[in-house]
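To keep things clear, I will list the structure first and then write my remarks on it.
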Amino acid sequence: MTDKNAELGHQKLDWARAHMPVHAALRQRFAEQAPFSGVRIAVCSHIEAKTGVFLETLAAAGADVVFTGSEPGSSQDDVVAALNQQPGITGYAQRGVSEERLAGLHGQALEHGPNLILDDAAELTARLAHQRPDLLDDLQGVCEQTTTGVQRIRAMVAEGVLRFPAYAVNHTPMKHEFDNIHGTGESALTNLMLTTNLLLAGKQVVVAGYGDCGVGIAHKARAWGAQVTVTEVEPRRALRAHMNGFAVMPMVEAAAQGEIFITATGNRDVLRVEHFERMRDGAILANAGHFNVEIDRDGLAGLAVERRQARPGIEAFCTADGREIHLVCEGRLVNLAAPTAMGHPAEVMDQTFAMQFMAARDLLVRREQLAAGVHPVPDAVDEEVAALKLETLGVGIDALTESQQRFLEAWRSEEILDRP
Ligand code: NAI
C-alpha cells in the first residue's frame with residue numbers, strides 16, 4: 001500500500017470526522033477519563049471512513065484497538081492504510097478478498113486476544129466461539145450492531161454455546177430506527193442508481209422484506225417516483241406495507257412485473273430460479289441484506305447461456321430465451337460493495353457507532369451483573385446518545401412539567417383528573 005493511498009484514506013477520514021459531531025463530543029468527554037484504558041477492543045465492520053472515526057474515538061478513550069472487515073467486498077484499502085498509521089490502532093482488512101482470506105484476516109485480529117468485540121453480523125464473535133475457545137477467558141463481552149448478527153448470537157444461545165454477555169445494539173431505537181431505515185434506505189438507492197446510471201422515477205421496483213431496511217428502501221424509492229411493490233413472509237409486516245399504500249404480492253407474481261429488485265430480508269434464496277424464469281429482459285437485481293445469499297447467484301448462473309460484465313459492478317446473465325438479467329456487485333451489500341459505494345451517510349453512522357461506544361462502556365461497567373446471553377442495551381444509554389445527537393444538531397425539545405410527570409405516573413381517576 002503506497003503513501004498516496006494512505007493520503008487518500010486520511011482525506012476520507014478528515015471529511016467523515018468533520019461530519020460526525022457526536023464522535024467529537026465523545027472524544028472530548030472521554031479522552032481524560034479513558035474508560036477503555038488497558039482494554040483490548042476488536043472491531044469487526046465495513047472498514048471505511050466512518051468506521052475509522054469510530055476506531056479513532058475508541059483509541060482516544062484509551063482502548064488498544066484492532067480492526068478487521070466484516071464482509072469480503074466492503075472495506076476500503078486507502079482507509080485501512082491510513083488507520084494503520086495511527087497510534088493505538090492495528091488492522092487486518094482488505095477489499096475484494098475471498099472468504100478464505102477474510103477468515104485469515106479475522107484470525108489475525110483474534111490473535112490480539114480481545115477483551116471486547118464490537119461486531120457486525122457476529123462474524124468475529126462466531127469465529128472466536130467456534131475456532132478459538134482458548135480466547136474465551138479474556139473476552140468480557142460483545143456489542144452487536146446488525147439484525148443478522150443478533151439473530152446469529154441468539155442461535156448460539158439456543159445451542160448453549162454463548163459463554164459471555166452480548167448487547168443487542170442493533171435493537172436500540174437510536175440504531176435501527178435511523179441506521180437501518182434512513183441509512184440503508186438512502187445509501188442502497190443512491191449506490192444502486194450510481195452503479196446503474198439509470199433513472200428511478202417511474203420504474204417498477206420490488207422490495208423484498210418490509211423490516212427496517214425494507215421500509216427505508218420502499219418509502220424512499222416511492223419518494224423518488226418509483227412504483228413500489230413489497231414482498232413479505234410475515235403477515236403483520238405485509239399488512240403494514242399494504243396499509244402504507246404499497247402493492248403486496250408473492251415474489252413469483254412480482255417477478256414478472258419488476259424492473260429493479262432489491263432484497264433486504266436477512267434470509268437466503270429470496271430471488272431464485274422460479275423468479276428469474278419469469279423476469280423481464282433487463283431486470284436489475286441488488287441486495288441490501290448482510291449476506292450475499294439473498295439472490296441465488298448459482299441458480300442464475302445455471303440459467304445463463306452466456307455471462308458478461310455489463311458495466312463496472314454489474315454482471316449480465318443471458319438466458320436461452322434471449323433475456324438479460326443484471327446482477328449488481330455479485331449480490332453483495334449494494335451500498336457497500338458497489339464500485340463507488342461509500343456505505344451509509346456519515347451523520348447516521350455517527351449515531352450507530354456512538355451507540356456501540358456507549359454500549360461497550362456500559363457493558364464493561366455492568367459486566368459483573370450480566371450473565372452470558374443476549375441483553376438489551378439499557379434505555380438510559382440510548383437516551384443519552386439521543387440527547388447528545390440533538391445537542392449537536394442544535395435541536396431543543398420540551399421537558400415534562402411536574403404535573404405532567406405526576407399525571408403519567410398516576411392510576412386513580414381522581415389523581416388523573418385532579419378531582420377530590
Ligand atoms: P428485519 O428483521 O427488520 O426485516 C427483515 C424482513 O424480511 C422481515 O420483515 C422478514 O419477515 C422479511 N423476510 C424474511 N424472509 C423473507 C422472504 N423470503 N421474502 C420476503 N421477506 C422476507 O431486518 P432489517 O433490520 O431490515 O435487516 C435486513 C438485513 O439487512 C439484515 O441482513 C441486516 O443485517 C442487513 N442490514 C444491512 C445494512 C446495510 O448497510 N446494507 C444495514 C442494516 C442492516
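How things are named: the first chain in the C-alpha cells is A, the next is B, and so on; residues count from 1 in each chain; ligands count from 1 in the order shown.
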message = Which residues are near ligand 1 in this structure, taking near to mean any atom at most 6 Å from a ligand atom and counting only C-alpha atoms and all ligand atoms? Format them as an MDAnalysis selection string.
response = chainID A and resid 146:148 180 184 208:214 231:234 237 264:267 270 288:290 333 335
inquiry  = With only C-alpha atoms as the counted atoms, please give the residues lying no more than 9 Å from region 383-393 of chain A, apart from itself and same-chain residues fewer than 2 positions off, as an MDAnalysis selection string.
reply    = chainID A and resid 21:22 25 174 350:351 354:355 358 379:381 395:397
Quick one: write out the picked residues with N, CA and C atoms as a PDB file, in the first residue's frame?
ATOM      1  N   PRO A  21     -20.241  14.902  14.538  1.00  0.00           N
ATOM      2  CA  PRO A  21     -20.070  15.720  15.748  1.00  0.00           C
ATOM      3  C   PRO A  21     -20.287  14.949  17.053  1.00  0.00           C
ATOM      4  N   VAL A  22     -21.094  13.893  17.026  1.00  0.00           N
ATOM      5  CA  VAL A  22     -21.296  13.125  18.268  1.00  0.00           C
ATOM      6  C   VAL A  22     -19.962  12.479  18.670  1.00  0.00           C
ATOM      7  N   ALA A  25     -17.810  14.968  20.297  1.00  0.00           N
ATOM      8  CA  ALA A  25     -18.225  15.184  21.697  1.00  0.00           C
ATOM      9  C   ALA A  25     -17.737  14.020  22.576  1.00  0.00           C
ATOM     10  N   MET A 174     -32.047   4.133  18.813  1.00  0.00           N
ATOM     11  CA  MET A 174     -31.058   5.035  18.226  1.00  0.00           C
ATOM     12  C   MET A 174     -30.280   4.385  17.081  1.00  0.00           C
ATOM     13  N   ASP A 350     -22.546   8.248  12.646  1.00  0.00           N
ATOM     14  CA  ASP A 350     -22.144   8.955  13.865  1.00  0.00           C
ATOM     15  C   ASP A 350     -22.984   8.421  15.029  1.00  0.00           C
ATOM     16  N   GLN A 351     -24.269   8.226  14.774  1.00  0.00           N
ATOM     17  CA  GLN A 351     -25.195   7.709  15.793  1.00  0.00           C
ATOM     18  C   GLN A 351     -24.940   6.237  16.099  1.00  0.00           C
ATOM     19  N   ALA A 354     -21.757   5.727  17.894  1.00  0.00           N
ATOM     20  CA  ALA A 354     -21.852   6.294  19.249  1.00  0.00           C
ATOM     21  C   ALA A 354     -22.574   5.295  20.150  1.00  0.00           C
ATOM     22  N   MET A 355     -23.579   4.610  19.601  1.00  0.00           N
ATOM     23  CA  MET A 355     -24.280   3.579  20.378  1.00  0.00           C
ATOM     24  C   MET A 355     -23.330   2.433  20.714  1.00  0.00           C
ATOM     25  N   MET A 358     -20.969   3.729  23.515  1.00  0.00           N
ATOM     26  CA  MET A 358     -21.589   3.867  24.841  1.00  0.00           C
ATOM     27  C   MET A 358     -22.050   2.517  25.381  1.00  0.00           C
ATOM     28  N   ASP A 379     -32.042   1.486  28.352  1.00  0.00           N
ATOM     29  CA  ASP A 379     -32.673   2.613  27.681  1.00  0.00           C
ATOM     30  C   ASP A 379     -31.964   3.939  27.982  1.00  0.00           C
ATOM     31  N   ALA A 380     -31.429   4.042  29.193  1.00  0.00           N
ATOM     32  CA  ALA A 380     -30.763   5.291  29.590  1.00  0.00           C
ATOM     33  C   ALA A 380     -29.570   5.577  28.666  1.00  0.00           C
ATOM     34  N   VAL A 381     -28.896   4.518  28.219  1.00  0.00           N
ATOM     35  CA  VAL A 381     -27.745   4.705  27.320  1.00  0.00           C
ATOM     36  C   VAL A 381     -28.242   5.238  25.972  1.00  0.00           C
ATOM     37  N   VAL A 395     -30.956  21.109  18.204  1.00  0.00           N
ATOM     38  CA  VAL A 395     -32.409  20.944  18.284  1.00  0.00           C
ATOM     39  C   VAL A 395     -32.829  20.855  19.745  1.00  0.00           C
ATOM     40  N   GLY A 396     -33.729  21.744  20.163  1.00  0.00           N
ATOM     41  CA  GLY A 396     -34.213  21.723  21.546  1.00  0.00           C
ATOM     42  C   GLY A 396     -35.527  20.974  21.632  1.00  0.00           C
ATOM     43  N   ILE A 397     -35.818  20.381  22.779  1.00  0.00           N
ATOM     44  CA  ILE A 397     -37.119  19.730  22.996  1.00  0.00           C
ATOM     45  C   ILE A 397     -37.680  20.189  24.338  1.00  0.00           C
TER      46      ILE A 397
END
inquiry  = I need the helix (DSSP H, G or I) residues of region 248-367 of chain A per DSSP on the backbone, written as number ranges by chain.
reply    = A: 251-257, 273-276, 297-303, 329-331, 334-337, 346-365, 367
Preceding selection exported with N, CA and C atoms as a tab-separated table (two decimals), in the first residue's frame:
chain	number	residue	atom	x	y	z
A	251	MET	N	-43.51	-13.13	-4.39
A	251	MET	CA	-42.42	-12.81	-5.32
A	251	MET	C	-42.65	-13.43	-6.71
A	252	VAL	N	-43.29	-14.60	-6.71
A	252	VAL	CA	-43.47	-15.26	-8.01
A	252	VAL	C	-44.35	-14.39	-8.93
A	253	GLU	N	-45.23	-13.57	-8.35
A	253	GLU	CA	-46.03	-12.64	-9.17
A	253	GLU	C	-45.24	-11.36	-9.44
A	254	ALA	N	-44.59	-10.86	-8.39
A	254	ALA	CA	-43.84	-9.60	-8.53
A	254	ALA	C	-42.71	-9.76	-9.55
A	255	ALA	N	-42.18	-10.99	-9.66
A	255	ALA	CA	-41.02	-11.23	-10.54
A	255	ALA	C	-41.32	-10.81	-11.97
A	256	ALA	N	-42.56	-11.03	-12.40
A	256	ALA	CA	-42.90	-10.72	-13.79
A	256	ALA	C	-43.04	-9.21	-14.03
A	257	GLN	N	-43.27	-8.46	-12.95
A	257	GLN	CA	-43.54	-7.02	-13.11
A	257	GLN	C	-42.31	-6.14	-12.92
A	273	VAL	N	-34.47	-19.43	-8.97
A	273	VAL	CA	-34.72	-19.77	-10.38
A	273	VAL	C	-36.17	-19.54	-10.80
A	274	GLU	N	-37.13	-19.98	-9.97
A	274	GLU	CA	-38.55	-19.81	-10.38
A	274	GLU	C	-38.89	-18.33	-10.61
A	275	HIS	N	-38.16	-17.43	-9.95
A	275	HIS	CA	-38.39	-15.99	-10.16
A	275	HIS	C	-37.63	-15.49	-11.39
A	276	PHE	N	-36.36	-15.91	-11.51
A	276	PHE	CA	-35.56	-15.46	-12.66
A	276	PHE	C	-36.27	-15.85	-13.97
A	297	ARG	N	-27.30	-16.76	-6.73
A	297	ARG	CA	-26.41	-16.46	-7.86
A	297	ARG	C	-26.09	-17.73	-8.65
A	298	ASP	N	-25.93	-18.85	-7.95
A	298	ASP	CA	-25.63	-20.11	-8.65
A	298	ASP	C	-26.81	-20.50	-9.53
A	299	GLY	N	-28.02	-20.31	-8.99
A	299	GLY	CA	-29.23	-20.61	-9.77
A	299	GLY	C	-29.29	-19.74	-11.02
A	300	LEU	N	-28.92	-18.47	-10.87
A	300	LEU	CA	-28.93	-17.54	-12.00
A	300	LEU	C	-27.88	-17.97	-13.02
A	301	ALA	N	-26.72	-18.36	-12.52
A	301	ALA	CA	-25.64	-18.81	-13.41
A	301	ALA	C	-26.07	-20.05	-14.17
A	302	GLY	N	-26.84	-20.92	-13.50
A	302	GLY	CA	-27.30	-22.16	-14.13
A	302	GLY	C	-28.24	-21.90	-15.30
A	303	LEU	N	-28.95	-20.78	-15.25
A	303	LEU	CA	-29.90	-20.44	-16.33
A	303	LEU	C	-29.20	-19.78	-17.52
A	329	CYS	N	-23.10	-6.02	-8.18
A	329	CYS	CA	-21.96	-6.40	-7.29
A	329	CYS	C	-22.13	-7.78	-6.64
A	330	GLU	N	-22.33	-8.77	-7.50
A	330	GLU	CA	-22.36	-10.19	-7.12
A	330	GLU	C	-23.38	-10.50	-6.04
A	331	GLY	N	-24.36	-9.62	-5.89
A	331	GLY	CA	-25.37	-9.84	-4.85
A	331	GLY	C	-24.87	-9.49	-3.46
A	334	VAL	N	-25.27	-3.77	-1.64
A	334	VAL	CA	-25.12	-2.80	-2.73
A	334	VAL	C	-24.61	-1.45	-2.25
A	335	ASN	N	-24.89	-1.12	-1.00
A	335	ASN	CA	-24.47	0.20	-0.50
A	335	ASN	C	-23.02	0.21	-0.04
A	336	LEU	N	-22.39	-0.95	0.00
A	336	LEU	CA	-21.01	-1.01	0.47
A	336	LEU	C	-20.05	-1.64	-0.54
A	337	ALA	N	-20.55	-2.56	-1.35
A	337	ALA	CA	-19.64	-3.30	-2.22
A	337	ALA	C	-19.67	-2.81	-3.67
A	346	ALA	N	-22.55	9.80	6.68
A	346	ALA	CA	-21.74	9.98	7.90
A	346	ALA	C	-22.60	10.26	9.13
A	347	GLU	N	-23.63	11.09	8.96
A	347	GLU	CA	-24.41	11.51	10.14
A	347	GLU	C	-25.08	10.32	10.82
A	348	VAL	N	-25.52	9.35	10.02
A	348	VAL	CA	-26.23	8.21	10.60
A	348	VAL	C	-25.22	7.26	11.29
A	349	MET	N	-24.04	7.13	10.69
A	349	MET	CA	-23.04	6.26	11.33
A	349	MET	C	-22.48	6.91	12.60
A	350	ASP	N	-22.55	8.25	12.65
A	350	ASP	CA	-22.14	8.96	13.86
A	350	ASP	C	-22.98	8.42	15.03
A	351	GLN	N	-24.27	8.23	14.77
A	351	GLN	CA	-25.19	7.71	15.79
A	351	GLN	C	-24.94	6.24	16.10
A	352	THR	N	-24.87	5.44	15.04
A	352	THR	CA	-24.70	3.98	15.22
A	352	THR	C	-23.45	3.68	16.03
A	353	PHE	N	-22.33	4.29	15.64
A	353	PHE	CA	-21.08	3.98	16.32
A	353	PHE	C	-21.04	4.62	17.71
A	354	ALA	N	-21.76	5.73	17.89
A	354	ALA	CA	-21.85	6.29	19.25
A	354	ALA	C	-22.57	5.30	20.15
A	355	MET	N	-23.58	4.61	19.60
A	355	MET	CA	-24.28	3.58	20.38
A	355	MET	C	-23.33	2.43	20.71
A	356	GLN	N	-22.52	2.02	19.74
A	356	GLN	CA	-21.55	0.95	20.01
A	356	GLN	C	-20.59	1.38	21.12
A	357	PHE	N	-20.11	2.61	21.03
A	357	PHE	CA	-19.15	3.15	22.00
A	357	PHE	C	-19.77	3.13	23.41
A	358	MET	N	-20.97	3.73	23.52
A	358	MET	CA	-21.59	3.87	24.84
A	358	MET	C	-22.05	2.52	25.38
A	359	ALA	N	-22.48	1.62	24.49
A	359	ALA	CA	-22.88	0.28	24.94
A	359	ALA	C	-21.65	-0.47	25.47
A	360	ALA	N	-20.52	-0.33	24.77
A	360	ALA	CA	-19.29	-1.01	25.20
A	360	ALA	C	-18.86	-0.51	26.58
A	361	ARG	N	-18.97	0.79	26.76
A	361	ARG	CA	-18.59	1.38	28.05
A	361	ARG	C	-19.51	0.84	29.15
A	362	ASP	N	-20.80	0.81	28.87
A	362	ASP	CA	-21.77	0.33	29.85
A	362	ASP	C	-21.57	-1.16	30.15
A	363	LEU	N	-21.26	-1.92	29.11
A	363	LEU	CA	-21.06	-3.37	29.31
A	363	LEU	C	-19.88	-3.62	30.26
A	364	LEU	N	-18.82	-2.83	30.08
A	364	LEU	CA	-17.65	-3.01	30.97
A	364	LEU	C	-18.01	-2.67	32.42
A	365	VAL	N	-18.79	-1.58	32.59
A	365	VAL	CA	-19.17	-1.16	33.95
A	365	VAL	C	-20.06	-2.20	34.61
A	367	ARG	N	-20.42	-5.43	33.79
A	367	ARG	CA	-20.03	-6.79	33.43
A	367	ARG	C	-20.40	-7.83	34.48
message = Residues near Arg132 (chain A), anyone? I mean within 9 Å using only C-alpha atoms, not counting same-chain ones fewer than 4 positions away, as an MDAnalysis selection string.
response = chainID A and resid 107 110 127:128 136
Those same residues - N, CA and C atoms - I'd like them written as a compact mmCIF listing (two decimals), in the first residue's frame.
# COMPACT_ATOMS: atom_id res chain seq x y z
N GLY A 107 -8.64 -14.18 11.79
CA GLY A 107 -7.72 -14.94 12.66
C GLY A 107 -6.62 -14.04 13.20
N LEU A 110 -8.00 -11.80 15.87
CA LEU A 110 -8.27 -12.54 17.12
C LEU A 110 -6.99 -12.85 17.89
N ARG A 127 -16.64 -16.66 15.04
CA ARG A 127 -15.33 -17.30 14.76
C ARG A 127 -14.57 -17.59 16.05
N LEU A 128 -14.63 -16.65 16.98
CA LEU A 128 -13.92 -16.88 18.24
C LEU A 128 -14.56 -18.06 19.00
N LEU A 136 -11.65 -17.40 25.08
CA LEU A 136 -12.88 -17.03 25.78
C LEU A 136 -12.63 -16.42 27.16
inquiry  = Just want the 10 Å neighbourhood of Leu58 (chain A), counted on only C-alpha atoms, with same-chain residues fewer than 3 positions away dropped. Output as a ChimeraX atom specification.
reply    = /A:23,26-27,30-31,34-37,41,43,52-55,61-65,88-89,357,360
request  = Can you work out which one of A:Leu8, A:Met193, A:Ile217, A:Met156 has the shortest atom-to-atom distance to Thr125 (chain A), counting only C-alpha atoms?
outcome  =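 So, comparing all the options, the nearest one is A:Met156.
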inquiry  = Which residues are close to Ala201 (chain A), i.e. within 9 Å by only C-alpha atoms, leaving aside same-chain residues fewer than 3 positions away? Reply as a ChimeraX atom specification.
reply    = /A:204,221-227
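Atom pair CA of Ala121 (chain A) / CA of Tyr167 (chain A) has a distance of 12.9 Å (rounded to one decimal).
Note that the spacing between CA of Gly185 (chain A) and CA of Val207 (chain A) amounts to 11.1 Å.
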message = So that I can check the secondary structure, give me every residue of region 211-322 of chain A assigned strand (DSSP E or B) by backbone DSSP, as a PyMOL selection string.
response = chain A and resi 227-231+247-248+260-263+271+284-287+295+304-311+314-319
Kindly save the residues from that selection, with N, CA and C atoms included, as a short mmCIF file (atom, residue, chain, number, x, y, z; two decimals), in the first residue's frame.
data_model
loop_
_atom_site.label_atom_id
_atom_site.label_comp_id
_atom_site.auth_asym_id
_atom_site.auth_seq_id
_atom_site.Cartn_x
_atom_site.Cartn_y
_atom_site.Cartn_z
N GLN A 227 -42.64 3.06 -8.74
CA GLN A 227 -43.85 2.29 -8.39
C GLN A 227 -43.37 1.10 -7.59
N VAL A 228 -43.69 1.06 -6.30
CA VAL A 228 -43.02 0.07 -5.44
C VAL A 228 -43.97 -1.08 -5.04
N THR A 229 -43.47 -2.30 -5.19
CA THR A 229 -44.16 -3.50 -4.72
C THR A 229 -43.33 -4.10 -3.60
N VAL A 230 -44.01 -4.60 -2.56
CA VAL A 230 -43.31 -5.21 -1.44
C VAL A 230 -43.65 -6.70 -1.39
N THR A 231 -42.66 -7.53 -1.08
CA THR A 231 -42.94 -8.95 -0.80
C THR A 231 -42.55 -9.22 0.64
N ALA A 247 -48.14 -2.01 -3.16
CA ALA A 247 -48.69 -3.27 -3.67
C ALA A 247 -47.94 -4.39 -2.95
N VAL A 248 -48.67 -5.39 -2.47
CA VAL A 248 -48.03 -6.52 -1.79
C VAL A 248 -48.46 -7.79 -2.51
N ILE A 260 -36.58 -3.36 -11.24
CA ILE A 260 -35.47 -3.36 -10.28
C ILE A 260 -35.93 -4.14 -9.05
N PHE A 261 -35.09 -5.05 -8.58
CA PHE A 261 -35.41 -5.85 -7.38
C PHE A 261 -34.36 -5.56 -6.32
N ILE A 262 -34.79 -5.28 -5.10
CA ILE A 262 -33.83 -5.06 -4.01
C ILE A 262 -34.23 -5.95 -2.83
N THR A 263 -33.34 -6.84 -2.43
CA THR A 263 -33.64 -7.73 -1.30
C THR A 263 -33.10 -7.12 -0.01
N LEU A 271 -34.62 -14.44 -4.05
CA LEU A 271 -34.78 -14.46 -5.51
C LEU A 271 -34.09 -15.72 -6.01
N ILE A 284 -32.96 -5.76 -13.10
CA ILE A 284 -31.75 -5.45 -12.31
C ILE A 284 -31.95 -6.00 -10.90
N LEU A 285 -30.99 -6.77 -10.40
CA LEU A 285 -31.12 -7.39 -9.08
C LEU A 285 -30.02 -6.88 -8.15
N ALA A 286 -30.44 -6.40 -6.97
CA ALA A 286 -29.46 -5.92 -5.99
C ALA A 286 -29.87 -6.38 -4.61
N ASN A 287 -28.89 -6.48 -3.75
CA ASN A 287 -29.15 -6.93 -2.38
C ASN A 287 -28.65 -5.90 -1.37
N ILE A 295 -29.88 -13.46 -3.10
CA ILE A 295 -30.13 -13.74 -4.52
C ILE A 295 -29.35 -15.00 -4.86
N ALA A 304 -27.98 -19.28 -17.25
CA ALA A 304 -27.32 -18.43 -18.25
C ALA A 304 -26.61 -19.25 -19.33
N VAL A 305 -26.79 -18.85 -20.58
CA VAL A 305 -26.02 -19.47 -21.66
C VAL A 305 -24.75 -18.65 -21.91
N GLU A 306 -24.76 -17.41 -21.41
CA GLU A 306 -23.59 -16.55 -21.56
C GLU A 306 -23.60 -15.53 -20.42
N ARG A 307 -22.41 -15.15 -19.98
CA ARG A 307 -22.30 -14.11 -18.93
C ARG A 307 -21.29 -13.08 -19.38
N ARG A 308 -21.55 -11.83 -19.07
CA ARG A 308 -20.55 -10.81 -19.41
C ARG A 308 -20.63 -9.67 -18.41
N GLN A 309 -19.53 -8.94 -18.33
CA GLN A 309 -19.50 -7.76 -17.47
C GLN A 309 -20.21 -6.64 -18.24
N ALA A 310 -21.34 -6.16 -17.73
CA ALA A 310 -22.11 -5.15 -18.47
C ALA A 310 -21.57 -3.75 -18.21
N ARG A 311 -21.14 -3.50 -16.99
CA ARG A 311 -20.60 -2.22 -16.52
C ARG A 311 -19.82 -2.54 -15.28
N ILE A 314 -21.64 -4.57 -12.50
CA ILE A 314 -22.88 -5.22 -12.99
C ILE A 314 -22.52 -6.37 -13.94
N GLU A 315 -23.02 -7.56 -13.61
CA GLU A 315 -22.79 -8.72 -14.47
C GLU A 315 -24.10 -9.06 -15.17
N ALA A 316 -24.03 -9.29 -16.48
CA ALA A 316 -25.23 -9.66 -17.24
C ALA A 316 -25.27 -11.16 -17.41
N PHE A 317 -26.42 -11.76 -17.10
CA PHE A 317 -26.64 -13.20 -17.30
C PHE A 317 -27.62 -13.33 -18.46
N CYS A 318 -27.17 -13.93 -19.59
CA CYS A 318 -28.00 -14.03 -20.79
C CYS A 318 -28.67 -15.40 -20.81
N THR A 319 -30.00 -15.41 -20.93
CA THR A 319 -30.73 -16.67 -20.87
C THR A 319 -30.98 -17.23 -22.28
#
ask   = Taking into account only C-alpha atoms, which residue in the set A:Ile325, A:Ala155, A:Ala188, A:Leu102 is nearest to Ala341 (chain A)?
value =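 Checking each of A:Ile325, A:Ala155, A:Ala188, A:Leu102 against Ala341 (chain A), counting only C-alpha atoms, the winner is A:Ala188.
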task = Report the distance between CA of Asp137 (chain A) and CA of Asp382 (chain A) in Å, rounded to one decimal place.
result = 28.8 Å
